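Shown next: query-v4.txt, given as compact mmCIF, C-alpha atoms and all ligand atoms.
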# COMPACT_ATOMS: atom_id res chain seq x y z
CA MET M 1 77.55 104.62 134.40
CA ILE M 2 76.59 108.16 133.47
CA VAL M 3 79.34 110.77 133.20
CA VAL M 4 78.38 114.33 134.13
CA THR M 5 80.65 117.22 133.06
CA GLY M 6 80.38 120.45 135.03
CA ALA M 7 78.94 118.46 137.94
CA THR M 8 79.17 121.37 140.38
CA GLY M 9 77.42 123.76 137.97
CA GLY M 10 73.90 125.10 138.06
CA ILE M 11 72.52 122.18 136.09
CA GLY M 12 75.21 119.63 136.94
CA ARG M 13 74.58 119.50 140.68
CA ARG M 14 70.83 119.02 140.21
CA LEU M 15 71.48 116.45 137.52
CA VAL M 16 73.78 114.37 139.72
CA ASP M 17 71.11 114.33 142.46
CA GLN M 18 68.36 113.40 140.02
CA LEU M 19 70.32 110.56 138.40
CA LEU M 20 71.27 109.13 141.81
CA ALA M 21 67.63 109.38 142.90
CA GLU M 22 66.71 107.32 139.85
CA GLY M 23 69.25 104.66 140.88
CA ALA M 24 71.81 105.37 138.16
CA PRO M 25 75.55 105.17 138.89
CA VAL M 26 77.12 108.59 138.31
CA ARG M 27 80.68 109.76 137.61
CA ALA M 28 80.74 113.46 138.47
CA LEU M 29 83.55 115.51 136.91
CA THR M 30 85.00 118.59 138.58
CA ARG M 31 88.35 120.37 138.71
CA ASN M 32 88.34 120.16 142.48
CA PRO M 33 86.81 116.99 143.96
CA ALA M 34 87.90 117.87 147.51
CA ASN M 35 85.80 121.05 147.58
CA ALA M 36 83.01 119.95 145.25
CA GLY M 37 80.50 118.96 147.95
CA LEU M 38 79.04 116.32 145.67
CA PRO M 39 77.09 113.36 147.13
CA ILE M 40 79.25 110.46 148.31
CA ALA M 41 77.05 108.12 146.27
CA ALA M 42 78.56 109.66 143.13
CA GLN M 43 82.03 108.74 141.92
CA THR M 44 83.66 112.17 141.93
CA VAL M 45 86.62 112.41 139.56
CA ARG M 46 89.02 115.25 138.81
CA ALA M 47 88.79 116.61 135.28
CA ASP M 48 90.19 119.83 133.86
CA PHE M 49 89.44 120.23 130.17
CA THR M 50 92.07 122.90 129.73
CA ALA M 51 94.85 120.74 131.19
CA GLY M 52 95.27 118.27 128.30
CA GLN M 53 94.61 115.26 130.53
CA PRO M 54 93.74 111.94 128.82
CA LEU M 55 89.99 111.81 128.32
CA GLU M 56 89.21 108.13 127.64
CA PRO M 57 89.77 107.11 131.31
CA LEU M 58 87.06 109.58 132.34
CA LEU M 59 84.61 107.72 130.12
CA GLU M 60 85.60 104.12 130.90
CA GLY M 61 82.54 101.92 131.32
CA ALA M 62 80.16 104.82 130.63
CA GLU M 63 76.85 104.30 128.89
CA ALA M 64 75.98 107.99 128.59
CA LEU M 65 77.72 111.37 128.69
CA TYR M 66 76.28 114.75 129.66
CA LEU M 67 78.18 117.43 127.83
CA ASN M 68 78.21 121.02 129.10
CA LEU M 69 80.17 123.56 127.06
CA ALA M 70 80.66 125.72 130.17
CA ALA M 71 82.85 122.93 131.55
CA THR M 72 84.46 121.44 128.48
CA GLY M 73 85.15 124.60 126.41
CA GLU M 74 85.24 124.64 122.63
CA GLN M 75 88.32 122.44 122.15
CA GLY M 76 87.73 120.16 125.11
CA THR M 77 84.23 119.48 123.83
CA GLN M 78 85.37 118.24 120.44
CA ALA M 79 88.08 116.10 122.06
CA LEU M 80 85.58 114.65 124.50
CA ILE M 81 83.15 113.77 121.71
CA ARG M 82 85.93 111.86 119.90
CA ALA M 83 86.92 110.16 123.15
CA ALA M 84 83.31 109.13 123.75
CA GLY M 85 83.28 107.30 120.41
CA ASN M 86 86.57 105.56 121.25
CA ALA M 87 85.48 104.63 124.76
CA GLY M 88 82.26 102.93 123.63
CA VAL M 89 79.87 105.49 125.12
CA ARG M 90 76.42 104.78 123.74
CA ARG M 91 74.68 108.13 124.11
CA ILE M 92 75.53 111.84 124.39
CA VAL M 93 73.14 114.41 125.80
CA PHE M 94 74.33 117.93 125.01
CA ASN M 95 73.38 121.03 126.96
CA SER M 96 72.80 123.18 123.88
CA ALA M 97 70.94 126.48 123.57
CA MET M 98 67.81 127.84 121.94
CA ALA M 99 70.16 130.46 120.49
CA VAL M 100 71.12 127.80 117.93
CA THR M 101 68.04 128.79 115.97
CA GLY M 102 68.57 132.44 116.94
CA LEU M 103 66.48 135.17 115.44
CA ALA M 104 64.85 134.49 112.05
CA GLY M 105 66.50 131.05 111.93
CA ARG M 106 70.11 132.35 112.01
CA PRO M 107 72.20 131.29 115.00
CA SER M 108 73.25 134.12 117.28
CA LEU M 109 76.87 134.40 118.50
CA ILE M 110 76.00 132.18 121.45
CA GLY M 111 74.24 129.81 119.08
CA GLN M 112 77.33 129.64 116.91
CA LEU M 113 79.26 128.15 119.83
CA HIS M 114 76.77 125.31 120.07
CA VAL M 115 76.17 124.52 116.40
CA PRO M 116 79.56 122.82 115.74
CA VAL M 117 79.08 120.70 118.84
CA GLU M 118 75.67 119.52 117.69
CA GLU M 119 77.14 118.74 114.26
CA ALA M 120 80.07 116.80 115.72
CA ILE M 121 77.76 114.74 117.93
CA ARG M 122 75.44 113.91 115.02
CA ALA M 123 78.48 112.81 113.00
CA THR M 124 79.55 110.23 115.63
CA GLY M 125 76.68 107.90 114.85
CA LEU M 126 76.07 107.57 118.61
CA GLU M 127 72.64 108.11 120.13
CA TRP M 128 72.10 111.79 120.97
CA CYS M 129 69.69 114.26 122.45
CA PHE M 130 70.09 118.05 122.45
CA ILE M 131 68.65 120.10 125.30
CA ARG M 132 68.25 123.62 123.94
CA GLY M 133 67.54 125.91 126.87
CA GLY M 134 66.17 129.43 126.55
CA MET M 135 67.12 132.15 129.03
CA TYR M 136 68.26 130.51 132.29
CA ALA M 137 66.83 131.92 135.50
CA THR M 138 70.34 131.50 136.92
CA ASN M 139 71.40 134.54 134.88
CA SER M 140 69.64 136.55 137.59
CA LEU M 141 72.42 135.51 139.99
CA ASN M 142 74.43 138.33 138.34
CA TRP M 143 72.24 140.69 140.37
CA ALA M 144 73.01 138.98 143.68
CA PRO M 145 75.99 141.12 144.77
CA ALA M 146 74.06 144.37 144.12
CA ILE M 147 70.92 143.08 145.83
CA ARG M 148 72.87 141.95 148.89
CA ALA M 149 74.83 145.19 149.07
CA THR M 150 72.26 147.87 148.16
CA GLY M 151 68.88 146.31 147.37
CA THR M 152 68.98 148.01 143.98
CA VAL M 153 69.41 146.42 140.56
CA HIS M 154 70.72 148.59 137.72
CA ALA M 155 69.94 146.89 134.41
CA PRO M 156 68.87 147.77 130.87
CA TYR M 157 65.46 147.18 129.30
CA GLY M 158 63.38 146.62 132.42
CA GLN M 159 60.33 145.97 130.24
CA ALA M 160 62.00 143.22 128.17
CA VAL M 161 59.86 140.10 128.49
CA VAL M 162 61.45 136.67 128.86
CA ALA M 163 60.38 133.23 130.11
CA PRO M 164 63.27 132.12 132.33
CA VAL M 165 63.80 128.40 132.80
CA HIS M 166 64.73 126.83 136.16
CA GLU M 167 67.96 124.82 136.09
CA ALA M 168 66.22 122.02 138.02
CA ASP M 169 63.80 121.59 135.10
CA VAL M 170 66.70 121.48 132.66
CA ALA M 171 68.33 118.85 134.89
CA ASP M 172 65.15 116.77 135.15
CA VAL M 173 64.66 116.64 131.37
CA THR M 174 68.37 115.94 130.89
CA ALA M 175 68.20 113.03 133.33
CA ARG M 176 65.35 111.49 131.35
CA ALA M 177 67.32 111.84 128.14
CA LEU M 178 70.47 110.35 129.67
CA LEU M 179 68.62 107.34 131.04
CA ASP M 180 66.36 107.10 127.97
CA ARG M 181 64.75 103.90 129.19
CA ASP M 182 62.40 103.56 126.18
CA GLY M 183 64.55 105.15 123.44
CA THR M 184 62.16 108.08 122.95
CA HIS M 185 64.85 110.75 123.36
CA ASN M 186 67.27 109.44 120.77
CA GLY M 187 67.68 111.92 117.88
CA THR M 188 65.48 114.48 119.64
CA VAL M 189 65.85 118.20 120.27
CA HIS M 190 64.18 119.40 123.48
CA THR M 191 63.65 123.17 123.57
CA LEU M 192 63.14 124.24 127.17
CA THR M 193 61.71 127.53 128.42
CA GLY M 194 59.74 128.70 131.39
CA THR M 195 56.01 129.04 130.80
CA GLN M 196 55.46 132.41 132.43
CA PRO M 197 56.41 135.61 130.59
CA LEU M 198 57.99 138.13 132.96
CA THR M 199 59.65 141.49 132.52
CA VAL M 200 63.13 142.02 133.91
CA ALA M 201 61.66 144.40 136.50
CA GLN M 202 59.10 141.76 137.56
CA GLN M 203 61.92 139.27 138.09
CA VAL M 204 63.59 141.68 140.51
CA GLU M 205 60.25 142.15 142.28
CA GLN M 206 59.82 138.38 142.68
CA ILE M 207 63.31 138.04 144.13
CA GLY M 208 62.32 140.75 146.63
CA GLN M 209 59.20 138.77 147.58
CA ALA M 210 61.30 135.60 148.04
CA ILE M 211 63.67 137.32 150.46
CA GLY M 212 61.07 139.54 152.15
CA ARG M 213 62.74 142.78 151.14
CA GLU M 214 61.58 145.59 148.87
CA LEU M 215 64.06 145.92 146.02
CA SER M 216 64.48 148.80 143.57
CA PHE M 217 64.98 148.53 139.87
CA VAL M 218 66.81 151.31 138.03
CA GLU M 219 66.86 151.14 134.27
CA VAL M 220 70.21 152.04 132.74
CA GLY M 221 70.83 153.10 129.14
CA GLU M 222 72.21 150.76 126.50
CA GLU M 223 75.68 152.40 126.35
CA ASP M 224 76.18 152.21 130.12
CA ALA M 225 74.94 148.62 130.17
CA LEU M 226 77.31 147.66 127.38
CA GLU M 227 80.35 149.19 129.09
CA ALA M 228 79.41 147.60 132.42
CA GLN M 229 79.25 144.14 130.83
CA VAL M 230 82.54 144.63 128.99
CA ALA M 231 84.12 145.73 132.30
CA HIS M 232 82.87 142.43 133.77
CA GLY M 233 84.73 140.50 131.08
CA VAL M 234 81.88 139.81 128.64
CA PRO M 235 83.26 140.08 125.07
CA ARG M 236 81.89 143.27 123.46
CA PRO M 237 80.11 141.52 120.52
CA LEU M 238 78.38 139.13 122.93
CA ALA M 239 77.32 141.93 125.25
CA ALA M 240 75.99 143.89 122.28
CA GLU M 241 74.05 140.86 121.06
CA LEU M 242 72.45 140.34 124.46
CA LEU M 243 71.36 143.98 124.49
CA ARG M 244 69.87 143.67 121.00
CA PHE M 245 67.98 140.59 122.21
CA LEU M 246 66.61 142.48 125.24
CA ALA M 247 65.67 145.49 123.10
CA ALA M 248 63.72 143.20 120.76
CA SER M 249 62.01 141.60 123.77
CA VAL M 250 60.41 144.79 125.07
CA GLY M 251 56.66 144.28 124.92
CA ALA M 252 57.12 141.04 122.97
CA VAL M 253 55.73 137.59 123.69
CA PRO M 254 58.70 135.27 124.27
CA GLU M 255 58.89 131.88 122.62
CA MET M 256 57.62 129.31 125.10
CA THR M 257 57.34 125.53 124.99
CA ASP M 258 55.60 122.93 127.15
CA THR M 259 58.43 120.42 126.68
CA ILE M 260 59.26 120.27 130.38
CA GLU M 261 55.74 119.12 131.18
CA GLN M 262 55.67 116.77 128.18
CA VAL M 263 58.87 115.05 129.29
CA THR M 264 58.55 115.09 133.09
CA GLY M 265 54.77 114.92 133.43
CA ARG M 266 54.60 118.01 135.66
CA PRO M 267 54.51 121.73 134.88
CA ALA M 268 57.68 123.79 134.58
CA ARG M 269 58.78 125.45 137.82
CA SER M 270 57.94 129.16 138.01
CA TYR M 271 60.37 132.04 138.43
CA ALA M 272 58.88 132.54 141.92
CA ASP M 273 59.91 128.93 142.70
CA TRP M 274 63.38 129.73 141.41
CA ALA M 275 63.65 132.88 143.53
CA ARG M 276 62.60 130.93 146.65
CA ASP M 277 65.09 128.16 145.87
CA HIS M 278 67.86 130.77 145.57
CA ALA M 279 66.78 133.12 148.38
CA ALA M 280 70.04 132.46 150.25
CA ASP M 281 72.03 133.76 147.28
CA PHE M 282 70.31 137.14 147.54
CA ARG M 283 70.38 137.65 151.33
N1 LIG T 301 72.84 131.10 130.63
C1 LIG T 301 71.86 130.84 129.77
O1 LIG T 301 70.85 131.57 129.67
C2 LIG T 301 71.99 129.62 128.87
C3 LIG T 301 70.94 129.35 127.99
C4 LIG T 301 71.02 128.22 127.17
C5 LIG T 301 72.12 127.36 127.27
N2 LIG T 301 73.13 127.64 128.14
C6 LIG T 301 74.28 126.69 128.20
O2 LIG T 301 74.49 126.31 129.55
C7 LIG T 301 75.86 126.48 129.89
C8 LIG T 301 75.97 126.80 131.37
O3 LIG T 301 75.53 125.67 132.13
P1 LIG T 301 75.54 125.73 133.74
O4 LIG T 301 74.74 126.94 134.12
O5 LIG T 301 75.15 124.41 134.29
O6 LIG T 301 77.11 126.00 133.97
P2 LIG T 301 77.84 126.54 135.23
O7 LIG T 301 76.94 126.67 136.41
O8 LIG T 301 78.63 127.73 134.79
O9 LIG T 301 78.84 125.35 135.55
C9 LIG T 301 79.90 124.99 134.76
C10 LIG T 301 80.81 124.05 135.55
O10 LIG T 301 81.92 123.74 134.69
C11 LIG T 301 83.03 123.43 135.47
N3 LIG T 301 84.24 123.86 134.75
C12 LIG T 301 84.59 125.13 134.40
N4 LIG T 301 85.79 125.11 133.76
C13 LIG T 301 86.19 123.81 133.70
C14 LIG T 301 87.34 123.15 133.17
N5 LIG T 301 88.35 123.82 132.58
N6 LIG T 301 87.41 121.80 133.25
C15 LIG T 301 86.43 121.11 133.88
N7 LIG T 301 85.33 121.67 134.41
C16 LIG T 301 85.21 123.02 134.33
C17 LIG T 301 82.87 124.14 136.81
O11 LIG T 301 83.00 123.16 137.80
P3 LIG T 301 84.31 123.04 138.75
O12 LIG T 301 84.65 124.44 139.17
O13 LIG T 301 83.81 122.17 139.85
O14 LIG T 301 85.36 122.38 137.91
C18 LIG T 301 81.42 124.67 136.80
O15 LIG T 301 80.71 124.26 137.94
C19 LIG T 301 76.36 127.59 128.96
O16 LIG T 301 77.75 127.52 128.75
C20 LIG T 301 75.58 127.31 127.69
O17 LIG T 301 76.28 126.33 126.93
C21 LIG T 301 73.08 128.74 128.96

I need this file expressed as structure tokens, please.
Amino acid sequence: MIVVTGATGGIGRRLVDQLLAEGAPVRALTRNPANAGLPIAAQTVRADFTAGQPLEPLLEGAEALYLNLAATGEQGTQALIRAAGNAGVRRIVFNSAMAVTGLAGRPSLIGQLHVPVEEAIRATGLEWCFIRGGMYATNSLNWAPAIRATGTVHAPYGQAVVAPVHEADVADVTARALLDRDGTHNGTVHTLTGTQPLTVAQQVEQIGQAIGRELSFVEVGEEDALEAQVAHGVPRPLAAELLRFLAASVGAVPEMTDTIEQVTGRPARSYADWARDHAADFR
């Protein structure tokens, strides 16, 4: 049995499908099983990591656990790691972040959320694998309301270059690590990025191509971008860090890996693939 936290999330949903396709039994965790729309082949179980519910029952009979901080939160994550040890789980695969190594080897604020989780998992003595993703293509979904409403994206640093990674690729690598049929993933860090450098403005253009509509990109200044993010609930230090990252990415070559191809045997999906897969979100 493989337990998937955040099973309705960007990665989680793809991961559940992939594990089922590989014949693995899956326990998919969500706060709302009735509305989750998860496959009936999965055992869908209610879990809310802010509700203080007992965690061991969620892990009963599980061989492997997929841990996603977006679902389990800082405290829930540590509790779930302890519960995994108690429940006899053999292996934890953690959805970590490239930000762990940050700039010049120092973890960024986002990285600092993931470092204690990696440390706690290492300390369990269980088998582990860390999937450190770079910039997710799903971040572009933040533009969806504006694209649907006006066809114009207002964003800072249009010439910042990144290599967005498709959540389906993250899910495919994660599935391999969870199943780990030959033990090759144990004690391994997989750093996942896309393989195609693209500016922010080019990403908007590719979304336009996917939905057959000409979109406009309007670059906004750093101050306006910061205030807009804070107004959307992003903590100010995090928003400021993201802007510093984008500023440093203008005209730069982003760090890229071929880990997706190494692990899955086929090239990473492109951003154009991602935009086509998500066309309905932007129409
Ligand atoms: N964005 C990036 O560029 C980036 C880069 C590297 C790493 N990451 C990592 O990836 C994570 C995001 O992964 P993702 O995109 O797959 O997440 P996601 O799409 O935001 O999904 C998270 C899922 O967690 C569930 N959830 C939320 N609160 C919960 C609670 N209290 N109890 C139980 N479940 C809860 C939700 O499912 P229900 O509503 O069904 O409960 C939701 O579907 C980030 O937090 C970060 O750790 C992100």

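Using all atoms listed in the file, the nearest neighbour of Leu67 of chain M within the list M:Asp273, M:Glu118, M:Glu261, M:Asp182 is M:Glu118.
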
With a cut-off of 9 Å, could you pull out the residues of chain M touching ligand LIG 301 (chain T) and give me the nearest pair of atoms for each, distance in Å to one decimal, using all atoms listed in the file, ordered by chain and ascending number, as a Markdown table?
| residue | atom | partner | partner_atom | distance |
| --- | --- | --- | --- | --- |
| M:Thr5 | CA | T:LIG301 | N7 | 6.6 |
| M:Gly6 | CA | T:LIG301 | O10 | 3.6 |
| M:Ala7 | CA | T:LIG301 | O15 | 6.1 |
| M:Thr8 | CA | T:LIG301 | O15 | 4.1 |
| M:Gly9 | CA | T:LIG301 | O9 | 3.2 |
| M:Gly10 | CA | T:LIG301 | O7 | 3.8 |
| M:Ile11 | CA | T:LIG301 | O5 | 3.9 |
| M:Gly12 | CA | T:LIG301 | O5 | 5.5 |
| M:Arg13 | CA | T:LIG301 | O5 | 8.1 |
| M:Leu29 | CA | T:LIG301 | N7 | 6.9 |
| M:Thr30 | CA | T:LIG301 | O14 | 3.9 |
| M:Arg31 | CA | T:LIG301 | O14 | 3.7 |
| M:Asn32 | CA | T:LIG301 | O13 | 5.6 |
| M:Pro33 | CA | T:LIG301 | O13 | 7.3 |
| M:Asn35 | CA | T:LIG301 | O13 | 8.1 |
| M:Ala36 | CA | T:LIG301 | O13 | 5.9 |
| M:Arg46 | CA | T:LIG301 | O14 | 8.1 |
| M:Ala47 | CA | T:LIG301 | C15 | 5.3 |
| M:Asp48 | CA | T:LIG301 | N6 | 3.5 |
| M:Phe49 | CA | T:LIG301 | N6 | 4.0 |
| M:Thr50 | CA | T:LIG301 | N5 | 4.8 |
| M:Ala51 | CA | T:LIG301 | N5 | 7.3 |
| M:Asn68 | CA | T:LIG301 | C7 | 6.0 |
| M:Leu69 | CA | T:LIG301 | O17 | 4.8 |
| M:Ala70 | CA | T:LIG301 | O16 | 3.7 |
| M:Ala71 | CA | T:LIG301 | O10 | 3.4 |
| M:Thr72 | CA | T:LIG301 | N6 | 5.6 |
| M:Gly73 | CA | T:LIG301 | N5 | 7.0 |
| M:Gly76 | CA | T:LIG301 | N6 | 8.3 |
| M:Phe94 | CA | T:LIG301 | O17 | 8.8 |
| M:Asn95 | CA | T:LIG301 | C6 | 5.9 |
| M:Ser96 | CA | T:LIG301 | C5 | 5.4 |
| M:Ala97 | CA | T:LIG301 | C5 | 4.0 |
| M:Met98 | CA | T:LIG301 | C4 | 6.1 |
| M:Ala99 | CA | T:LIG301 | C4 | 7.1 |
| M:Ile110 | CA | T:LIG301 | C20 | 7.9 |
| M:Gly111 | CA | T:LIG301 | C5 | 8.8 |
| M:Leu113 | CA | T:LIG301 | O17 | 7.9 |
| M:His114 | CA | T:LIG301 | O17 | 7.0 |
| M:Ile131 | CA | T:LIG301 | C5 | 8.3 |
| M:Arg132 | CA | T:LIG301 | C4 | 6.3 |
| M:Gly133 | CA | T:LIG301 | C4 | 4.2 |
| M:Gly134 | CA | T:LIG301 | C3 | 5.0 |
| M:Met135 | CA | T:LIG301 | O1 | 3.8 |
| M:Tyr136 | CA | T:LIG301 | O1 | 3.8 |
| M:Ala137 | CA | T:LIG301 | O1 | 7.1 |
| M:Thr138 | CA | T:LIG301 | N1 | 6.8 |
| M:Asn139 | CA | T:LIG301 | N1 | 5.7 |
| M:Pro164 | CA | T:LIG301 | O1 | 8.1 |
| M:Val165 | CA | T:LIG301 | O1 | 8.3 |
| M:Glu167 | CA | T:LIG301 | O4 | 7.4 |
| M:Ala171 | CA | T:LIG301 | O5 | 8.8 |
| M:Leu192 | CA | T:LIG301 | C4 | 8.8 |

Store the residues picked out above, limited to C-alpha atoms, as a PDB file, keeping the file's coordinate frame.
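Result saved to selection.pdb:
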ATOM      1  CA  THR M   5      80.650 117.220 133.060  1.00  0.00           C
ATOM      2  CA  GLY M   6      80.380 120.450 135.030  1.00  0.00           C
ATOM      3  CA  ALA M   7      78.940 118.460 137.940  1.00  0.00           C
ATOM      4  CA  THR M   8      79.170 121.370 140.380  1.00  0.00           C
ATOM      5  CA  GLY M   9      77.420 123.760 137.970  1.00  0.00           C
ATOM      6  CA  GLY M  10      73.900 125.100 138.060  1.00  0.00           C
ATOM      7  CA  ILE M  11      72.520 122.180 136.090  1.00  0.00           C
ATOM      8  CA  GLY M  12      75.210 119.630 136.940  1.00  0.00           C
ATOM      9  CA  ARG M  13      74.580 119.500 140.680  1.00  0.00           C
ATOM     10  CA  LEU M  29      83.550 115.510 136.910  1.00  0.00           C
ATOM     11  CA  THR M  30      85.000 118.590 138.580  1.00  0.00           C
ATOM     12  CA  ARG M  31      88.350 120.370 138.710  1.00  0.00           C
ATOM     13  CA  ASN M  32      88.340 120.160 142.480  1.00  0.00           C
ATOM     14  CA  PRO M  33      86.810 116.990 143.960  1.00  0.00           C
ATOM     15  CA  ASN M  35      85.800 121.050 147.580  1.00  0.00           C
ATOM     16  CA  ALA M  36      83.010 119.950 145.250  1.00  0.00           C
ATOM     17  CA  ARG M  46      89.020 115.250 138.810  1.00  0.00           C
ATOM     18  CA  ALA M  47      88.790 116.610 135.280  1.00  0.00           C
ATOM     19  CA  ASP M  48      90.190 119.830 133.860  1.00  0.00           C
ATOM     20  CA  PHE M  49      89.440 120.230 130.170  1.00  0.00           C
ATOM     21  CA  THR M  50      92.070 122.900 129.730  1.00  0.00           C
ATOM     22  CA  ALA M  51      94.850 120.740 131.190  1.00  0.00           C
ATOM     23  CA  ASN M  68      78.210 121.020 129.100  1.00  0.00           C
ATOM     24  CA  LEU M  69      80.170 123.560 127.060  1.00  0.00           C
ATOM     25  CA  ALA M  70      80.660 125.720 130.170  1.00  0.00           C
ATOM     26  CA  ALA M  71      82.850 122.930 131.550  1.00  0.00           C
ATOM     27  CA  THR M  72      84.460 121.440 128.480  1.00  0.00           C
ATOM     28  CA  GLY M  73      85.150 124.600 126.410  1.00  0.00           C
ATOM     29  CA  GLY M  76      87.730 120.160 125.110  1.00  0.00           C
ATOM     30  CA  PHE M  94      74.330 117.930 125.010  1.00  0.00           C
ATOM     31  CA  ASN M  95      73.380 121.030 126.960  1.00  0.00           C
ATOM     32  CA  SER M  96      72.800 123.180 123.880  1.00  0.00           C
ATOM     33  CA  ALA M  97      70.940 126.480 123.570  1.00  0.00           C
ATOM     34  CA  MET M  98      67.810 127.840 121.940  1.00  0.00           C
ATOM     35  CA  ALA M  99      70.160 130.460 120.490  1.00  0.00           C
ATOM     36  CA  ILE M 110      76.000 132.180 121.450  1.00  0.00           C
ATOM     37  CA  GLY M 111      74.240 129.810 119.080  1.00  0.00           C
ATOM     38  CA  LEU M 113      79.260 128.150 119.830  1.00  0.00           C
ATOM     39  CA  HIS M 114      76.770 125.310 120.070  1.00  0.00           C
ATOM     40  CA  ILE M 131      68.650 120.100 125.300  1.00  0.00           C
ATOM     41  CA  ARG M 132      68.250 123.620 123.940  1.00  0.00           C
ATOM     42  CA  GLY M 133      67.540 125.910 126.870  1.00  0.00           C
ATOM     43  CA  GLY M 134      66.170 129.430 126.550  1.00  0.00           C
ATOM     44  CA  MET M 135      67.120 132.150 129.030  1.00  0.00           C
ATOM     45  CA  TYR M 136      68.260 130.510 132.290  1.00  0.00           C
ATOM     46  CA  ALA M 137      66.830 131.920 135.500  1.00  0.00           C
ATOM     47  CA  THR M 138      70.340 131.500 136.920  1.00  0.00           C
ATOM     48  CA  ASN M 139      71.400 134.540 134.880  1.00  0.00           C
ATOM     49  CA  PRO M 164      63.270 132.120 132.330  1.00  0.00           C
ATOM     50  CA  VAL M 165      63.800 128.400 132.800  1.00  0.00           C
ATOM     51  CA  GLU M 167      67.960 124.820 136.090  1.00  0.00           C
ATOM     52  CA  ALA M 171      68.330 118.850 134.890  1.00  0.00           C
ATOM     53  CA  LEU M 192      63.140 124.240 127.170  1.00  0.00           C
TER      54      LEU M 192
END

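Across the structure, atom CA of Asn186 of chain M and atom CA of Val89 of chain M are spaced 13.9 Å apart.
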
Of the candidates M:Ala247, M:Ile40, M:Ala163, M:Val4, which one gets nearest to Arg27 of chain M if we count only C-alpha atoms?
->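 Going through M:Ala247, M:Ile40, M:Ala163, M:Val4 one by one, the smallest distance to Arg27 of chain M is for M:Val4.
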
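Atom CA of Ala62 of chain M is found 9.1 Å from atom CA of Val26 of chain M.
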
If you measure from atom CA of Thr77 of chain M to atom CA of Leu58 of chain M, what distance in Å do you get, rounded to one decimal?
->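 Atom-to-atom, atom CA of Thr77 of chain M to atom CA of Leu58 of chain M, that is 13.4 Å.
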
Around (73.7, 135.3, 124.6) in the file's frame, which residues reach within 7 Å when counting all atoms listed in the file? Return as an NGL selection string?
-> :M and (109-110 or 238 or 241-242)

Hey, what's within 9 Å of Pro39 of chain M if we count all atoms listed in the file and toss same-chain stuff fewer than 4 positions away? As a list in words, please?
-> Val16, Asp17, Leu20, Gln43 and Thr44 of chain M

Could you check which of M:Gly85, M:Gly194, M:Gly102, M:Gly23 is closest to Thr257 of chain M, using all atoms listed in the file?
-> M:Gly194

Please work out which residues fall within 12 Å of (79.2, 141.5, 121.2), coordinates as given in the file, with only C-alpha atoms counting, and return them as a PyMOL selection string.
-> chain M and resi 108-110+226-227+229-230+233-245

Residue selection dump (C-alpha atoms) as a JSON list (two decimals), in the coordinates of the input:
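The file below, part-v6.json, is the result:
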[["chain", "number", "residue", "atom", "x", "y", "z"],
["M", 108, "SER", "CA", 73.25, 134.12, 117.28],
["M", 109, "LEU", "CA", 76.87, 134.40, 118.50],
["M", 110, "ILE", "CA", 76.00, 132.18, 121.45],
["M", 226, "LEU", "CA", 77.31, 147.66, 127.38],
["M", 227, "GLU", "CA", 80.35, 149.19, 129.09],
["M", 229, "GLN", "CA", 79.25, 144.14, 130.83],
["M", 230, "VAL", "CA", 82.54, 144.63, 128.99],
["M", 233, "GLY", "CA", 84.73, 140.50, 131.08],
["M", 234, "VAL", "CA", 81.88, 139.81, 128.64],
["M", 235, "PRO", "CA", 83.26, 140.08, 125.07],
["M", 236, "ARG", "CA", 81.89, 143.27, 123.46],
["M", 237, "PRO", "CA", 80.11, 141.52, 120.52],
["M", 238, "LEU", "CA", 78.38, 139.13, 122.93],
["M", 239, "ALA", "CA", 77.32, 141.93, 125.25],
["M", 240, "ALA", "CA", 75.99, 143.89, 122.28],
["M", 241, "GLU", "CA", 74.05, 140.86, 121.06],
["M", 242, "LEU", "CA", 72.45, 140.34, 124.46],
["M", 243, "LEU", "CA", 71.36, 143.98, 124.49],
["M", 244, "ARG", "CA", 69.87, 143.67, 121.00],
["M", 245, "PHE", "CA", 67.98, 140.59, 122.21]]

Using all atoms listed in the file, which of the listed residues (M:Glu119, M:Asp172, M:Glu127, M:Asp224) sits closest to Ala84 of chain M?
->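 The answer is M:Glu127, which sits nearest to Ala84 of chain M.
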
Around all the atoms of segment 7-23 of chain M listed in the file, draw an axis-aligned box and extend it by 4 Å on each of the six sides; I want its centre and edge lengths in Å to one decimal, as JSON.
{"center_x": 72.9, "center_y": 114.9, "center_z": 139.5, "size_x": 20.5, "size_y": 28.4, "size_z": 14.8}

So, counting all atoms listed in the file, which residue among M:Thr152, M:Thr195, M:Gln112, M:Thr184 is closest to Glu255 of chain M?
->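 The closest residue to Glu255 of chain M is M:Thr195.
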
Proximity to Ala146 of chain M - best of M:Leu15, M:Val117, M:Val204, M:Ala248, only C-alpha atoms = M:Val204

Spatial neighbours of Glu205 of chain M, 9 Å, all atoms listed in the file, chain gap at least 3 places, as a VMD selection string | chain M and resid 200 to 202 208 to 210 214 to 217
